[in-house]
file query.csv (CSV, C-alpha atoms and all ligand atoms)
chain,number,residue,atom,x,y,z
O,1,MET,CA,-3.3,-31.5,0.9
O,2,ALA,CA,0.2,-32.9,0.6
O,3,ASP,CA,1.6,-29.8,-1.0
O,4,VAL,CA,0.7,-27.3,1.8
O,5,LEU,CA,4.0,-25.7,2.9
O,6,LEU,CA,3.1,-23.0,5.4
O,7,ALA,CA,-0.3,-22.8,7.2
O,8,THR,CA,-2.1,-21.3,10.1
O,9,GLN,CA,-4.9,-23.0,12.0
O,10,GLY,CA,-7.4,-21.0,14.0
O,11,LEU,CA,-4.9,-18.2,14.4
O,12,VAL,CA,-5.9,-15.4,16.8
O,13,LYS,CA,-4.0,-12.3,17.7
O,14,ARG,CA,-5.5,-9.8,20.2
O,15,PHE,CA,-4.0,-6.4,21.0
O,16,GLY,CA,-5.9,-5.5,24.1
O,17,GLY,CA,-9.6,-5.5,23.1
O,18,LEU,CA,-8.8,-5.5,19.4
O,19,VAL,CA,-8.9,-8.8,17.5
O,20,ALA,CA,-6.3,-8.2,14.7
O,21,THR,CA,-6.3,-11.9,13.6
O,22,ASP,CA,-9.6,-13.6,14.0
O,23,ASP,CA,-9.6,-17.4,13.7
O,24,LEU,CA,-7.5,-17.3,10.6
O,25,THR,CA,-6.9,-20.5,8.7
O,26,LEU,CA,-4.6,-20.0,5.7
O,27,GLU,CA,-2.7,-22.5,3.5
O,28,VAL,CA,0.2,-21.5,1.3
O,29,ARG,CA,1.0,-24.3,-1.1
O,30,ALA,CA,4.4,-25.2,-2.5
O,31,GLY,CA,5.3,-23.1,-5.5
O,32,GLU,CA,2.3,-20.8,-5.4
O,33,ILE,CA,2.0,-17.1,-5.1
O,34,HIS,CA,-0.7,-16.6,-2.5
O,35,ALA,CA,-1.9,-13.0,-2.2
O,36,LEU,CA,-3.3,-11.7,1.1
O,37,ILE,CA,-5.4,-8.7,0.5
O,38,GLY,CA,-7.9,-6.6,2.5
O,39,PRO,CA,-8.5,-3.0,3.6
O,40,ASN,CA,-6.1,-1.1,5.7
O,41,GLY,CA,-6.0,-2.4,9.3
O,42,ALA,CA,-7.4,-5.8,8.2
O,43,GLY,CA,-4.5,-7.6,9.9
O,44,LYS,CA,-2.3,-8.5,6.9
O,45,SER,CA,1.0,-7.4,8.5
O,46,THR,CA,0.0,-8.9,11.8
O,47,ALA,CA,-0.6,-12.3,10.0
O,48,VAL,CA,2.8,-12.0,8.2
O,49,ALA,CA,4.5,-11.3,11.6
O,50,GLN,CA,3.0,-14.4,13.1
O,51,LEU,CA,4.1,-16.5,10.1
O,52,SER,CA,7.7,-15.2,10.3
O,53,GLY,CA,7.9,-15.7,14.1
O,54,GLN,CA,8.2,-12.0,14.8
O,55,LEU,CA,4.9,-12.0,16.7
O,56,ALA,CA,3.5,-14.7,19.0
O,57,PRO,CA,-0.2,-15.5,18.4
O,58,THR,CA,-2.7,-15.3,21.2
O,59,ALA,CA,-4.2,-18.7,20.1
O,60,GLY,CA,-4.0,-21.1,17.2
O,61,ARG,CA,-1.1,-22.7,15.4
O,62,VAL,CA,1.4,-22.1,12.6
O,63,LEU,CA,2.5,-25.1,10.7
O,64,PHE,CA,5.4,-25.7,8.3
O,65,GLU,CA,5.2,-28.9,6.3
O,66,GLY,CA,2.7,-30.1,8.8
O,67,ARG,CA,5.0,-29.5,11.7
O,68,ASP,CA,3.9,-27.2,14.5
O,69,ILE,CA,6.3,-24.2,14.5
O,70,THR,CA,4.1,-21.9,16.6
O,71,ARG,CA,6.7,-21.6,19.3
O,72,LEU,CA,9.8,-21.3,17.1
O,73,ASN,CA,11.4,-17.8,16.9
O,74,MET,CA,12.3,-16.0,13.7
O,75,PRO,CA,15.9,-17.3,13.3
O,76,ARG,CA,14.7,-20.9,13.8
O,77,ARG,CA,12.0,-20.4,11.2
O,78,ALA,CA,14.5,-18.8,8.8
O,79,GLN,CA,16.6,-21.9,9.2
O,80,LEU,CA,13.6,-24.0,8.1
O,81,GLY,CA,13.3,-21.9,5.0
O,82,ILE,CA,10.8,-19.1,5.9
O,83,ALA,CA,12.1,-15.7,4.8
O,84,ARG,CA,10.6,-12.3,5.0
O,85,SER,CA,11.5,-9.1,3.3
O,86,PHE,CA,10.8,-6.1,5.5
O,87,GLN,CA,8.8,-3.0,4.6
O,88,ILE,CA,11.5,-1.0,6.2
O,89,THR,CA,14.7,-0.7,4.2
O,90,SER,CA,17.4,-3.0,5.6
O,91,VAL,CA,20.0,-2.3,2.8
O,92,LEU,CA,23.4,-1.0,3.7
O,93,LYS,CA,23.6,2.0,1.5
O,94,ASP,CA,27.4,2.4,1.2
O,95,PHE,CA,27.8,-1.2,0.1
O,96,THR,CA,27.3,-2.4,-3.4
O,97,THR,CA,24.3,-4.4,-4.5
O,98,LEU,CA,26.5,-7.6,-4.7
O,99,ASP,CA,28.1,-6.8,-1.2
O,100,ASN,CA,24.6,-6.6,0.4
O,101,VAL,CA,23.5,-9.9,-1.1
O,102,ALA,CA,26.8,-11.6,-0.2
O,103,LEU,CA,26.4,-10.4,3.4
O,104,SER,CA,22.9,-12.0,3.4
O,105,VAL,CA,24.3,-15.2,2.1
O,106,GLN,CA,26.9,-15.1,4.9
O,107,ALA,CA,24.1,-14.4,7.5
O,108,HIS,CA,22.1,-17.3,6.2
O,109,GLN,CA,25.1,-19.6,6.3
O,110,GLY,CA,25.5,-18.7,9.9
O,111,HIS,CA,29.2,-18.3,9.7
O,112,SER,CA,29.4,-15.8,12.6
O,113,PHE,CA,33.1,-16.5,13.0
O,114,ARG,CA,33.9,-14.8,9.7
O,115,PHE,CA,34.7,-11.1,9.5
O,116,TRP,CA,32.2,-9.0,7.7
O,117,ARG,CA,34.7,-7.9,5.1
O,118,ASN,CA,35.0,-11.4,3.8
O,119,ALA,CA,31.7,-10.8,2.1
O,120,ARG,CA,33.5,-8.4,-0.2
O,121,GLN,CA,36.1,-11.1,-1.2
O,122,ASP,CA,35.0,-14.6,-0.4
O,123,PRO,CA,33.9,-16.4,-3.6
O,124,SER,CA,31.8,-18.8,-1.5
O,125,LEU,CA,29.7,-15.8,-0.6
O,126,ARG,CA,29.9,-13.8,-3.8
O,127,ASP,CA,29.2,-16.6,-6.3
O,128,PRO,CA,25.8,-17.5,-4.8
O,129,ALA,CA,25.0,-13.8,-4.4
O,130,ARG,CA,25.8,-13.2,-8.1
O,131,SER,CA,23.5,-16.1,-9.0
O,132,VAL,CA,20.6,-14.6,-7.1
O,133,LEU,CA,21.1,-11.2,-8.7
O,134,GLU,CA,21.3,-12.7,-12.1
O,135,ALA,CA,18.3,-14.9,-11.6
O,136,LEU,CA,16.4,-11.7,-10.7
O,137,GLY,CA,17.6,-9.6,-13.6
O,138,LEU,CA,19.7,-7.4,-11.3
O,139,GLY,CA,23.1,-8.9,-12.4
O,140,HIS,CA,24.1,-5.8,-14.2
O,141,ARG,CA,23.6,-3.7,-11.1
O,142,GLY,CA,25.9,-5.8,-8.8
O,143,ASP,CA,28.8,-3.3,-8.7
O,144,VAL,CA,26.6,-0.3,-8.1
O,145,VAL,CA,26.6,1.3,-4.6
O,146,SER,CA,23.1,0.5,-3.1
O,147,SER,CA,22.4,4.2,-2.5
O,148,ALA,CA,22.6,4.8,-6.2
O,149,LEU,CA,19.8,2.3,-7.0
O,150,SER,CA,16.4,3.5,-7.8
O,151,HIS,CA,13.7,3.0,-5.1
O,152,GLY,CA,12.3,0.1,-7.1
O,153,GLU,CA,15.7,-1.5,-7.4
O,154,GLN,CA,16.3,-1.1,-3.7
O,155,ARG,CA,13.1,-3.0,-3.0
O,156,GLN,CA,14.2,-5.7,-5.5
O,157,LEU,CA,17.5,-5.8,-3.6
O,158,GLU,CA,15.7,-6.4,-0.3
O,159,ILE,CA,13.9,-9.4,-1.9
O,160,ALA,CA,17.2,-10.6,-3.4
O,161,MET,CA,18.7,-10.4,0.2
O,162,ALA,CA,15.7,-12.5,1.5
O,163,LEU,CA,16.3,-15.0,-1.3
O,164,ALA,CA,20.0,-15.3,-0.5
O,165,GLY,CA,19.3,-18.1,2.0
O,166,ASP,CA,17.4,-20.0,-0.7
O,167,PRO,CA,14.1,-20.0,1.3
O,168,ARG,CA,11.2,-22.4,0.7
O,169,VAL,CA,8.7,-19.7,1.3
O,170,LEU,CA,9.1,-15.9,0.9
O,171,LEU,CA,6.8,-13.5,2.8
O,172,LEU,CA,6.5,-10.1,1.1
O,173,ASP,CA,4.6,-7.3,2.8
O,174,GLU,CA,3.8,-4.6,0.2
O,175,PRO,CA,6.8,-4.9,-2.1
O,176,MET,CA,5.3,-2.2,-4.4
O,177,ALA,CA,4.8,0.3,-1.6
O,178,GLY,CA,5.9,3.8,-2.7
O,179,MET,CA,6.4,2.8,-6.3
O,180,GLY,CA,5.0,4.5,-9.4
O,181,PRO,CA,3.3,2.5,-12.2
O,182,GLU,CA,6.6,1.9,-14.1
O,183,GLU,CA,8.5,0.6,-11.1
O,184,SER,CA,5.5,-1.5,-10.0
O,185,GLY,CA,5.4,-3.0,-13.5
O,186,ARG,CA,9.1,-3.9,-13.2
O,187,MET,CA,8.5,-5.5,-9.7
O,188,VAL,CA,5.6,-7.6,-11.2
O,189,GLU,CA,8.0,-8.9,-13.9
O,190,PHE,CA,10.6,-9.5,-11.2
O,191,LEU,CA,8.2,-11.5,-9.1
O,192,LYS,CA,6.9,-13.4,-12.1
O,193,ARG,CA,10.5,-14.6,-12.6
O,194,LEU,CA,10.3,-16.2,-9.1
O,195,LYS,CA,7.0,-17.8,-9.7
O,196,GLY,CA,7.0,-21.6,-9.3
O,197,SER,CA,10.5,-21.7,-7.8
O,198,ARG,CA,9.3,-21.2,-4.3
O,199,ALA,CA,6.1,-20.3,-2.4
O,200,ILE,CA,5.4,-16.6,-1.9
O,201,LEU,CA,2.9,-15.0,0.4
O,202,LEU,CA,2.3,-11.6,-1.1
O,203,VAL,CA,0.6,-8.8,0.8
O,204,GLU,CA,-0.1,-6.0,-1.8
O,205,HIS,CA,-2.5,-3.2,-2.3
O,206,ASP,CA,-1.9,-2.9,-6.1
O,207,MET,CA,-4.8,-5.0,-7.4
O,208,ASP,CA,-3.4,-5.1,-10.9
O,209,ALA,CA,-0.2,-6.7,-9.5
O,210,VAL,CA,-2.2,-9.1,-7.3
O,211,PHE,CA,-4.4,-10.3,-10.1
O,212,ALA,CA,-1.4,-10.6,-12.5
O,213,LEU,CA,0.7,-12.6,-10.1
O,214,ALA,CA,-1.5,-14.6,-7.7
O,215,ASP,CA,-2.4,-18.3,-8.1
O,216,ARG,CA,-4.7,-17.9,-5.1
O,217,ILE,CA,-6.0,-15.0,-3.1
O,218,THR,CA,-7.2,-14.8,0.5
O,219,VAL,CA,-9.3,-11.8,1.5
O,220,LEU,CA,-9.0,-10.5,5.0
O,221,VAL,CA,-11.6,-8.2,6.6
O,222,TYR,CA,-11.2,-7.3,10.3
O,223,GLY,CA,-8.7,-10.1,10.8
O,224,ARG,CA,-11.0,-12.7,9.4
O,225,ALA,CA,-10.6,-14.5,6.0
O,226,ILE,CA,-13.9,-14.0,4.2
O,227,ALA,CA,-12.8,-15.9,1.0
O,228,THR,CA,-9.9,-17.9,-0.5
O,229,GLY,CA,-9.7,-18.9,-4.1
O,230,THR,CA,-8.3,-18.3,-7.6
O,231,PRO,CA,-8.3,-14.7,-8.9
O,232,GLU,CA,-11.4,-15.6,-11.0
O,233,GLU,CA,-13.2,-17.0,-7.9
O,234,ILE,CA,-12.3,-14.0,-5.8
O,235,ARG,CA,-13.5,-11.6,-8.5
O,236,ALA,CA,-16.8,-13.4,-8.7
O,237,ASP,CA,-17.3,-13.8,-4.9
O,238,GLU,CA,-20.3,-11.8,-3.7
O,239,ALA,CA,-19.0,-11.4,-0.1
O,240,VAL,CA,-15.7,-10.0,-1.4
O,241,ARG,CA,-17.4,-7.6,-3.9
O,242,GLU,CA,-19.6,-6.3,-1.0
O,243,ALA,CA,-16.8,-6.0,1.5
O,244,TYR,CA,-14.0,-4.9,-0.7
O,245,LEU,CA,-13.7,-5.0,-4.5
O,246,GLY,CA,-16.9,-3.3,-5.4
O,247,THR,CA,-16.3,-0.3,-3.2
O,248,ASP,CA,-14.0,2.6,-3.3
O,249,ASN,CA,-12.0,1.0,-0.6
O,250,MET,CA,-9.4,-0.6,-3.0
O,251,VAL,CA,-6.5,-0.5,-0.6
O,252,ALA,CA,-4.6,-3.2,1.0
O,301,LIG,P1,-2.8,-4.3,7.8
O,301,LIG,O1,-1.4,-4.7,7.6
O,301,LIG,O2,-3.8,-5.1,7.1
O,301,LIG,O3,-3.0,-2.8,7.3
O,301,LIG,P2,-2.1,-4.6,10.6
O,301,LIG,O4,-1.9,-6.0,10.7
O,301,LIG,O5,-1.0,-3.6,10.5
O,301,LIG,O6,-3.1,-4.3,9.3
O,301,LIG,O7,-3.1,-4.1,11.8
O,301,LIG,C1,-4.2,-4.8,12.1
O,301,LIG,C2,-4.9,-4.1,13.3
O,301,LIG,O8,-4.0,-4.3,14.5
O,301,LIG,C3,-4.9,-2.6,13.2
O,301,LIG,O9,-6.1,-2.1,13.8
O,301,LIG,C4,-3.7,-2.1,13.9
O,301,LIG,O10,-3.9,-0.8,14.4
O,301,LIG,C5,-3.6,-3.1,15.0
O,301,LIG,N1,-2.2,-3.3,15.5
O,301,LIG,C6,-1.2,-3.8,14.7
O,301,LIG,N2,-0.1,-3.9,15.4
O,301,LIG,C7,-0.4,-3.6,16.7
O,301,LIG,C8,0.3,-3.5,17.9
O,301,LIG,N3,1.6,-3.9,18.0
O,301,LIG,N4,-0.3,-3.0,19.0
O,301,LIG,C9,-1.6,-2.7,18.9
O,301,LIG,N5,-2.4,-2.8,17.8
O,301,LIG,C10,-1.8,-3.2,16.7
O,302,MG,MG,0.3,-3.8,6.7

call {"tool": "encode", "arguments": {"input": "query.csv", "output": "structure tokens", "more": "lines below"}}
Ligand code: ADP
Ligand code: MG
result
Amino acid sequence: MADVLLATQGLVKRFGGLVATDDLTLEVRAGEIHALIGPNGAGKSTAVAQLSGQLAPTAGRVLFEGRDITRLNMPRRAQLGIARSFQITSVLKDFTTLDNVALSVQAHQGHSFRFWRNARQDPSLRDPARSVLEALGLGHRGDVVSSALSHGEQRQLEIAMALAGDPRVLLLDEPMAGMGPEESGRMVEFLKRLKGSRAILLVEHDMDAVFALADRITVLVYGRAIATGTPEEIRADEAVREAYLGTDNMVA
């Protein structure tokens, strides 16, 4: 198990009487795309929030490279290389695509003594930002004001901003939300380009995307992981078929 990067052990999160995370043990390996799927309300976002440090678990542990990080807050985890892209849009609309990524590079470098406008000039911020955009196939959109990007491109930009700090593991909560089939297809290609370069925990309700991208899949039902395996194993898993895939309830 040497290649386990981010993991939970016996994770529990209670909201009053509701058990949103129920003894969850999850292992995200280096370089893999690990999809977390399950019906609405299964506890996927709650699990992501505990991995990012946004939410403290009721019980259990979060480990990064074997080190207990349960008590580390979000900025400390970001420093270790755990990045999340938010479902809510965090892009500055009046800034160009490149400006936004350059600001994220600046934020990750932690140079709080710099003025924000340096992100519009400073090559030490703009060069890495340009590299991220080019690596993601967004290089040609660098000079476009963010508000002029399509919805799908804005979601890609959010991921580019999360990648600006060169994280070891990227947490994505429904990156295809609100996208049509064409934009979803482009996002799949975009995520494929990231594959192998870093670990990704992908929460997504688009099953075509999940099965196209994931190396392994964990299925959550009522906060509990009922199965983990390769896409083939998950497809063939009887408990999963009963709880999830075989029904009309094909939502994340
Ligand atoms: P998913 O992302 O799989 O749709 P969530 O993690 O958002 O599910 O929610 C899991 C369960 O926890 C749901 O029943 C939800 O209503 C509940 N829940 C989530 N966040 C809170 C909160 N801050 N307070 C109370 N209940 C919450
Ligand atoms: Mg959710």

call {"tool": "residues_around", "arguments": {"input": "query.csv", "residues": "O:Val62", "least_positions_apart": "4", "cutoff": "7 Å", "atoms": "all atoms listed in the file", "output": "list in words"}}
result
Ala7, Thr8, Gln9, Leu51, Asp68, Ile69 and Thr70 of chain O

call {"tool": "closest_residue", "arguments": {"input": "query.csv", "among": "O:His205, O:Thr228, O:Gln54, O:Phe64", "to": "ligand MG 302 (chain O)", "atoms": "all atoms listed in the file"}}
result
O:His205

call {"tool": "residues_near_ligand", "arguments": {"input": "query.csv", "ligand": "ligand MG 302 (chain O)", "cutoff": "8 Å", "atoms": "only C-alpha atoms and all ligand atoms", "output": "PyMOL selection string"}}
result
chain O and resi 40-41+43-46+173-174+203+252

call {"tool": "atom_distance", "arguments": {"input": "query.csv", "atom1": "atom CA of O:Gly53", "atom2": "atom CA of O:Leu72"}}
result
6.6 Å

call {"tool": "closest_atom_pairs", "arguments": {"input": "query.csv", "of": "chain O", "to": "ligand LIG 301 (chain O)", "cutoff": "12 Å", "atoms": "all atoms listed in the file", "output": "Markdown table"}}
result
| residue | atom | partner | partner_atom | distance |
| --- | --- | --- | --- | --- |
| O:Val12 | CA | O:LIG301 | O8 | 11.5 |
| O:Lys13 | CA | O:LIG301 | O8 | 8.6 |
| O:Arg14 | CA | O:LIG301 | N5 | 8.0 |
| O:Phe15 | CA | O:LIG301 | C9 | 4.9 |
| O:Gly16 | CA | O:LIG301 | C9 | 7.3 |
| O:Gly17 | CA | O:LIG301 | N5 | 9.3 |
| O:Leu18 | CA | O:LIG301 | O8 | 7.0 |
| O:Val19 | CA | O:LIG301 | O8 | 7.3 |
| O:Ala20 | CA | O:LIG301 | O8 | 4.5 |
| O:Thr21 | CA | O:LIG301 | C1 | 7.6 |
| O:Asp22 | CA | O:LIG301 | C1 | 10.5 |
| O:Leu36 | CA | O:LIG301 | O2 | 8.9 |
| O:Ile37 | CA | O:LIG301 | O2 | 7.7 |
| O:Gly38 | CA | O:LIG301 | O2 | 6.3 |
| O:Pro39 | CA | O:LIG301 | O2 | 6.2 |
| O:Asn40 | CA | O:LIG301 | O3 | 3.9 |
| O:Gly41 | CA | O:LIG301 | O6 | 3.5 |
| O:Ala42 | CA | O:LIG301 | O2 | 3.8 |
| O:Gly43 | CA | O:LIG301 | O4 | 3.2 |
| O:Lys44 | CA | O:LIG301 | O2 | 3.7 |
| O:Ser45 | CA | O:LIG301 | O1 | 3.7 |
| O:Thr46 | CA | O:LIG301 | O4 | 3.6 |
| O:Ala47 | CA | O:LIG301 | O4 | 6.5 |
| O:Val48 | CA | O:LIG301 | O4 | 8.0 |
| O:Ala49 | CA | O:LIG301 | O4 | 8.4 |
| O:Gln50 | CA | O:LIG301 | O4 | 10.0 |
| O:Gln54 | CA | O:LIG301 | N3 | 10.9 |
| O:Leu55 | CA | O:LIG301 | N3 | 8.8 |
| O:Ala56 | CA | O:LIG301 | N3 | 11.0 |
| O:Pro57 | CA | O:LIG301 | N3 | 11.7 |
| O:Gln87 | CA | O:LIG301 | O1 | 10.8 |
| O:Leu172 | CA | O:LIG301 | O1 | 11.6 |
| O:Asp173 | CA | O:LIG301 | O1 | 8.1 |
| O:Glu174 | CA | O:LIG301 | O1 | 9.0 |
| O:Leu202 | CA | O:LIG301 | O1 | 11.7 |
| O:Val203 | CA | O:LIG301 | O1 | 8.2 |
| O:Glu204 | CA | O:LIG301 | O1 | 9.6 |
| O:His205 | CA | O:LIG301 | O3 | 9.6 |
| O:Val219 | CA | O:LIG301 | O2 | 10.3 |
| O:Leu220 | CA | O:LIG301 | O2 | 7.8 |
| O:Val221 | CA | O:LIG301 | O2 | 8.4 |
| O:Tyr222 | CA | O:LIG301 | C1 | 7.6 |
| O:Gly223 | CA | O:LIG301 | C1 | 7.1 |
| O:Arg224 | CA | O:LIG301 | O2 | 10.7 |
| O:Ala225 | CA | O:LIG301 | O2 | 11.7 |
| O:Val251 | CA | O:LIG301 | O3 | 8.9 |
| O:Ala252 | CA | O:LIG301 | O2 | 6.4 |

call {"tool": "write_last_selection", "arguments": {"input": "query.csv", "atoms": "C-alpha atoms", "output": "tab-separated table (two decimals), in the coordinates of the input"}}
result
chain	number	residue	atom	x	y	z
O	12	VAL	CA	-5.90	-15.40	16.80
O	13	LYS	CA	-4.00	-12.30	17.70
O	14	ARG	CA	-5.50	-9.80	20.20
O	15	PHE	CA	-4.00	-6.40	21.00
O	16	GLY	CA	-5.90	-5.50	24.10
O	17	GLY	CA	-9.60	-5.50	23.10
O	18	LEU	CA	-8.80	-5.50	19.40
O	19	VAL	CA	-8.90	-8.80	17.50
O	20	ALA	CA	-6.30	-8.20	14.70
O	21	THR	CA	-6.30	-11.90	13.60
O	22	ASP	CA	-9.60	-13.60	14.00
O	36	LEU	CA	-3.30	-11.70	1.10
O	37	ILE	CA	-5.40	-8.70	0.50
O	38	GLY	CA	-7.90	-6.60	2.50
O	39	PRO	CA	-8.50	-3.00	3.60
O	40	ASN	CA	-6.10	-1.10	5.70
O	41	GLY	CA	-6.00	-2.40	9.30
O	42	ALA	CA	-7.40	-5.80	8.20
O	43	GLY	CA	-4.50	-7.60	9.90
O	44	LYS	CA	-2.30	-8.50	6.90
O	45	SER	CA	1.00	-7.40	8.50
O	46	THR	CA	0.00	-8.90	11.80
O	47	ALA	CA	-0.60	-12.30	10.00
O	48	VAL	CA	2.80	-12.00	8.20
O	49	ALA	CA	4.50	-11.30	11.60
O	50	GLN	CA	3.00	-14.40	13.10
O	54	GLN	CA	8.20	-12.00	14.80
O	55	LEU	CA	4.90	-12.00	16.70
O	56	ALA	CA	3.50	-14.70	19.00
O	57	PRO	CA	-0.20	-15.50	18.40
O	87	GLN	CA	8.80	-3.00	4.60
O	172	LEU	CA	6.50	-10.10	1.10
O	173	ASP	CA	4.60	-7.30	2.80
O	174	GLU	CA	3.80	-4.60	0.20
O	202	LEU	CA	2.30	-11.60	-1.10
O	203	VAL	CA	0.60	-8.80	0.80
O	204	GLU	CA	-0.10	-6.00	-1.80
O	205	HIS	CA	-2.50	-3.20	-2.30
O	219	VAL	CA	-9.30	-11.80	1.50
O	220	LEU	CA	-9.00	-10.50	5.00
O	221	VAL	CA	-11.60	-8.20	6.60
O	222	TYR	CA	-11.20	-7.30	10.30
O	223	GLY	CA	-8.70	-10.10	10.80
O	224	ARG	CA	-11.00	-12.70	9.40
O	225	ALA	CA	-10.60	-14.50	6.00
O	251	VAL	CA	-6.50	-0.50	-0.60
O	252	ALA	CA	-4.60	-3.20	1.00

call {"tool": "decode", "arguments": {"input": "query.csv", "residues": "stretch 11-78 of chain O", "atoms": "C-alpha atoms", "output": "PDB file, in the first residue's frame"}}
result
ATOM      1  CA  LEU O  11     -14.379   8.388   9.129  1.00  0.00           C
ATOM      2  CA  VAL O  12     -17.681   9.407  10.729  1.00  0.00           C
ATOM      3  CA  LYS O  13     -19.585  12.679  10.356  1.00  0.00           C
ATOM      4  CA  ARG O  14     -22.826  13.241  12.222  1.00  0.00           C
ATOM      5  CA  PHE O  15     -25.156  16.163  11.687  1.00  0.00           C
ATOM      6  CA  GLY O  16     -27.377  15.837  14.745  1.00  0.00           C
ATOM      7  CA  GLY O  17     -29.065  12.478  14.329  1.00  0.00           C
ATOM      8  CA  LEU O  18     -28.006  12.086  10.711  1.00  0.00           C
ATOM      9  CA  VAL O  19     -24.927  10.001   9.932  1.00  0.00           C
ATOM     10  CA  ALA O  20     -23.628  11.627   6.720  1.00  0.00           C
ATOM     11  CA  THR O  21     -20.313   9.720   6.770  1.00  0.00           C
ATOM     12  CA  ASP O  22     -20.577   6.239   8.225  1.00  0.00           C
ATOM     13  CA  ASP O  23     -17.278   4.510   9.033  1.00  0.00           C
ATOM     14  CA  LEU O  24     -15.758   5.461   5.681  1.00  0.00           C
ATOM     15  CA  THR O  25     -12.407   3.994   4.748  1.00  0.00           C
ATOM     16  CA  LEU O  26     -11.175   5.307   1.425  1.00  0.00           C
ATOM     17  CA  GLU O  27      -7.789   5.195  -0.279  1.00  0.00           C
ATOM     18  CA  VAL O  28      -6.771   7.494  -3.112  1.00  0.00           C
ATOM     19  CA  ARG O  29      -3.584   6.212  -4.716  1.00  0.00           C
ATOM     20  CA  ALA O  30      -0.904   8.334  -6.338  1.00  0.00           C
ATOM     21  CA  GLY O  31      -1.751   9.126  -9.951  1.00  0.00           C
ATOM     22  CA  GLU O  32      -5.197   7.546  -9.997  1.00  0.00           C
ATOM     23  CA  ILE O  33      -8.565   9.019 -10.789  1.00  0.00           C
ATOM     24  CA  HIS O  34     -10.739   7.699  -7.991  1.00  0.00           C
ATOM     25  CA  ALA O  35     -14.431   8.358  -8.519  1.00  0.00           C
ATOM     26  CA  LEU O  36     -16.801   8.697  -5.581  1.00  0.00           C
ATOM     27  CA  ILE O  37     -20.356   8.005  -6.681  1.00  0.00           C
ATOM     28  CA  GLY O  38     -23.686   7.429  -5.010  1.00  0.00           C
ATOM     29  CA  PRO O  39     -27.228   8.764  -4.869  1.00  0.00           C
ATOM     30  CA  ASN O  40     -28.069  12.330  -3.871  1.00  0.00           C
ATOM     31  CA  GLY O  41     -27.463  12.848  -0.174  1.00  0.00           C
ATOM     32  CA  ALA O  42     -25.126   9.837   0.056  1.00  0.00           C
ATOM     33  CA  GLY O  43     -22.468  12.020   1.689  1.00  0.00           C
ATOM     34  CA  LYS O  44     -20.076  12.613  -1.205  1.00  0.00           C
ATOM     35  CA  SER O  45     -19.668  16.359  -0.674  1.00  0.00           C
ATOM     36  CA  THR O  46     -19.412  15.810   3.073  1.00  0.00           C
ATOM     37  CA  ALA O  47     -16.578  13.338   2.484  1.00  0.00           C
ATOM     38  CA  VAL O  48     -14.780  15.784   0.173  1.00  0.00           C
ATOM     39  CA  ALA O  49     -15.160  18.551   2.772  1.00  0.00           C
ATOM     40  CA  GLN O  50     -13.492  16.345   5.384  1.00  0.00           C
ATOM     41  CA  LEU O  51     -10.653  15.499   2.987  1.00  0.00           C
ATOM     42  CA  SER O  52     -10.044  19.171   2.190  1.00  0.00           C
ATOM     43  CA  GLY O  53     -10.189  20.226   5.831  1.00  0.00           C
ATOM     44  CA  GLN O  54     -13.298  22.354   5.386  1.00  0.00           C
ATOM     45  CA  LEU O  55     -15.246  20.130   7.773  1.00  0.00           C
ATOM     46  CA  ALA O  56     -14.000  18.341  10.911  1.00  0.00           C
ATOM     47  CA  PRO O  57     -15.035  14.693  11.254  1.00  0.00           C
ATOM     48  CA  THR O  58     -16.948  13.450  14.288  1.00  0.00           C
ATOM     49  CA  ALA O  59     -14.634  10.434  14.468  1.00  0.00           C
ATOM     50  CA  GLY O  60     -11.963   8.712  12.408  1.00  0.00           C
ATOM     51  CA  ARG O  61      -8.847   9.902  10.674  1.00  0.00           C
ATOM     52  CA  VAL O  62      -7.679  11.543   7.464  1.00  0.00           C
ATOM     53  CA  LEU O  63      -4.192  10.537   6.326  1.00  0.00           C
ATOM     54  CA  PHE O  64      -1.869  12.065   3.733  1.00  0.00           C
ATOM     55  CA  GLU O  65       1.102   9.890   2.807  1.00  0.00           C
ATOM     56  CA  GLY O  66       0.474   7.992   6.014  1.00  0.00           C
ATOM     57  CA  ARG O  67       0.575  11.107   8.155  1.00  0.00           C
ATOM     58  CA  ASP O  68      -2.439  11.952  10.305  1.00  0.00           C
ATOM     59  CA  ILE O  69      -3.770  15.300   9.020  1.00  0.00           C
ATOM     60  CA  THR O  70      -7.195  15.102  10.664  1.00  0.00           C
ATOM     61  CA  ARG O  71      -6.562  18.210  12.712  1.00  0.00           C
ATOM     62  CA  LEU O  72      -4.964  20.305   9.957  1.00  0.00           C
ATOM     63  CA  ASN O  73      -7.062  23.129   8.529  1.00  0.00           C
ATOM     64  CA  MET O  74      -7.652  23.801   4.840  1.00  0.00           C
ATOM     65  CA  PRO O  75      -4.662  26.137   4.241  1.00  0.00           C
ATOM     66  CA  ARG O  76      -2.277  23.671   5.913  1.00  0.00           C
ATOM     67  CA  ARG O  77      -3.630  20.829   3.779  1.00  0.00           C
ATOM     68  CA  ALA O  78      -3.317  23.011   0.671  1.00  0.00           C
TER      69      ALA O  78
END
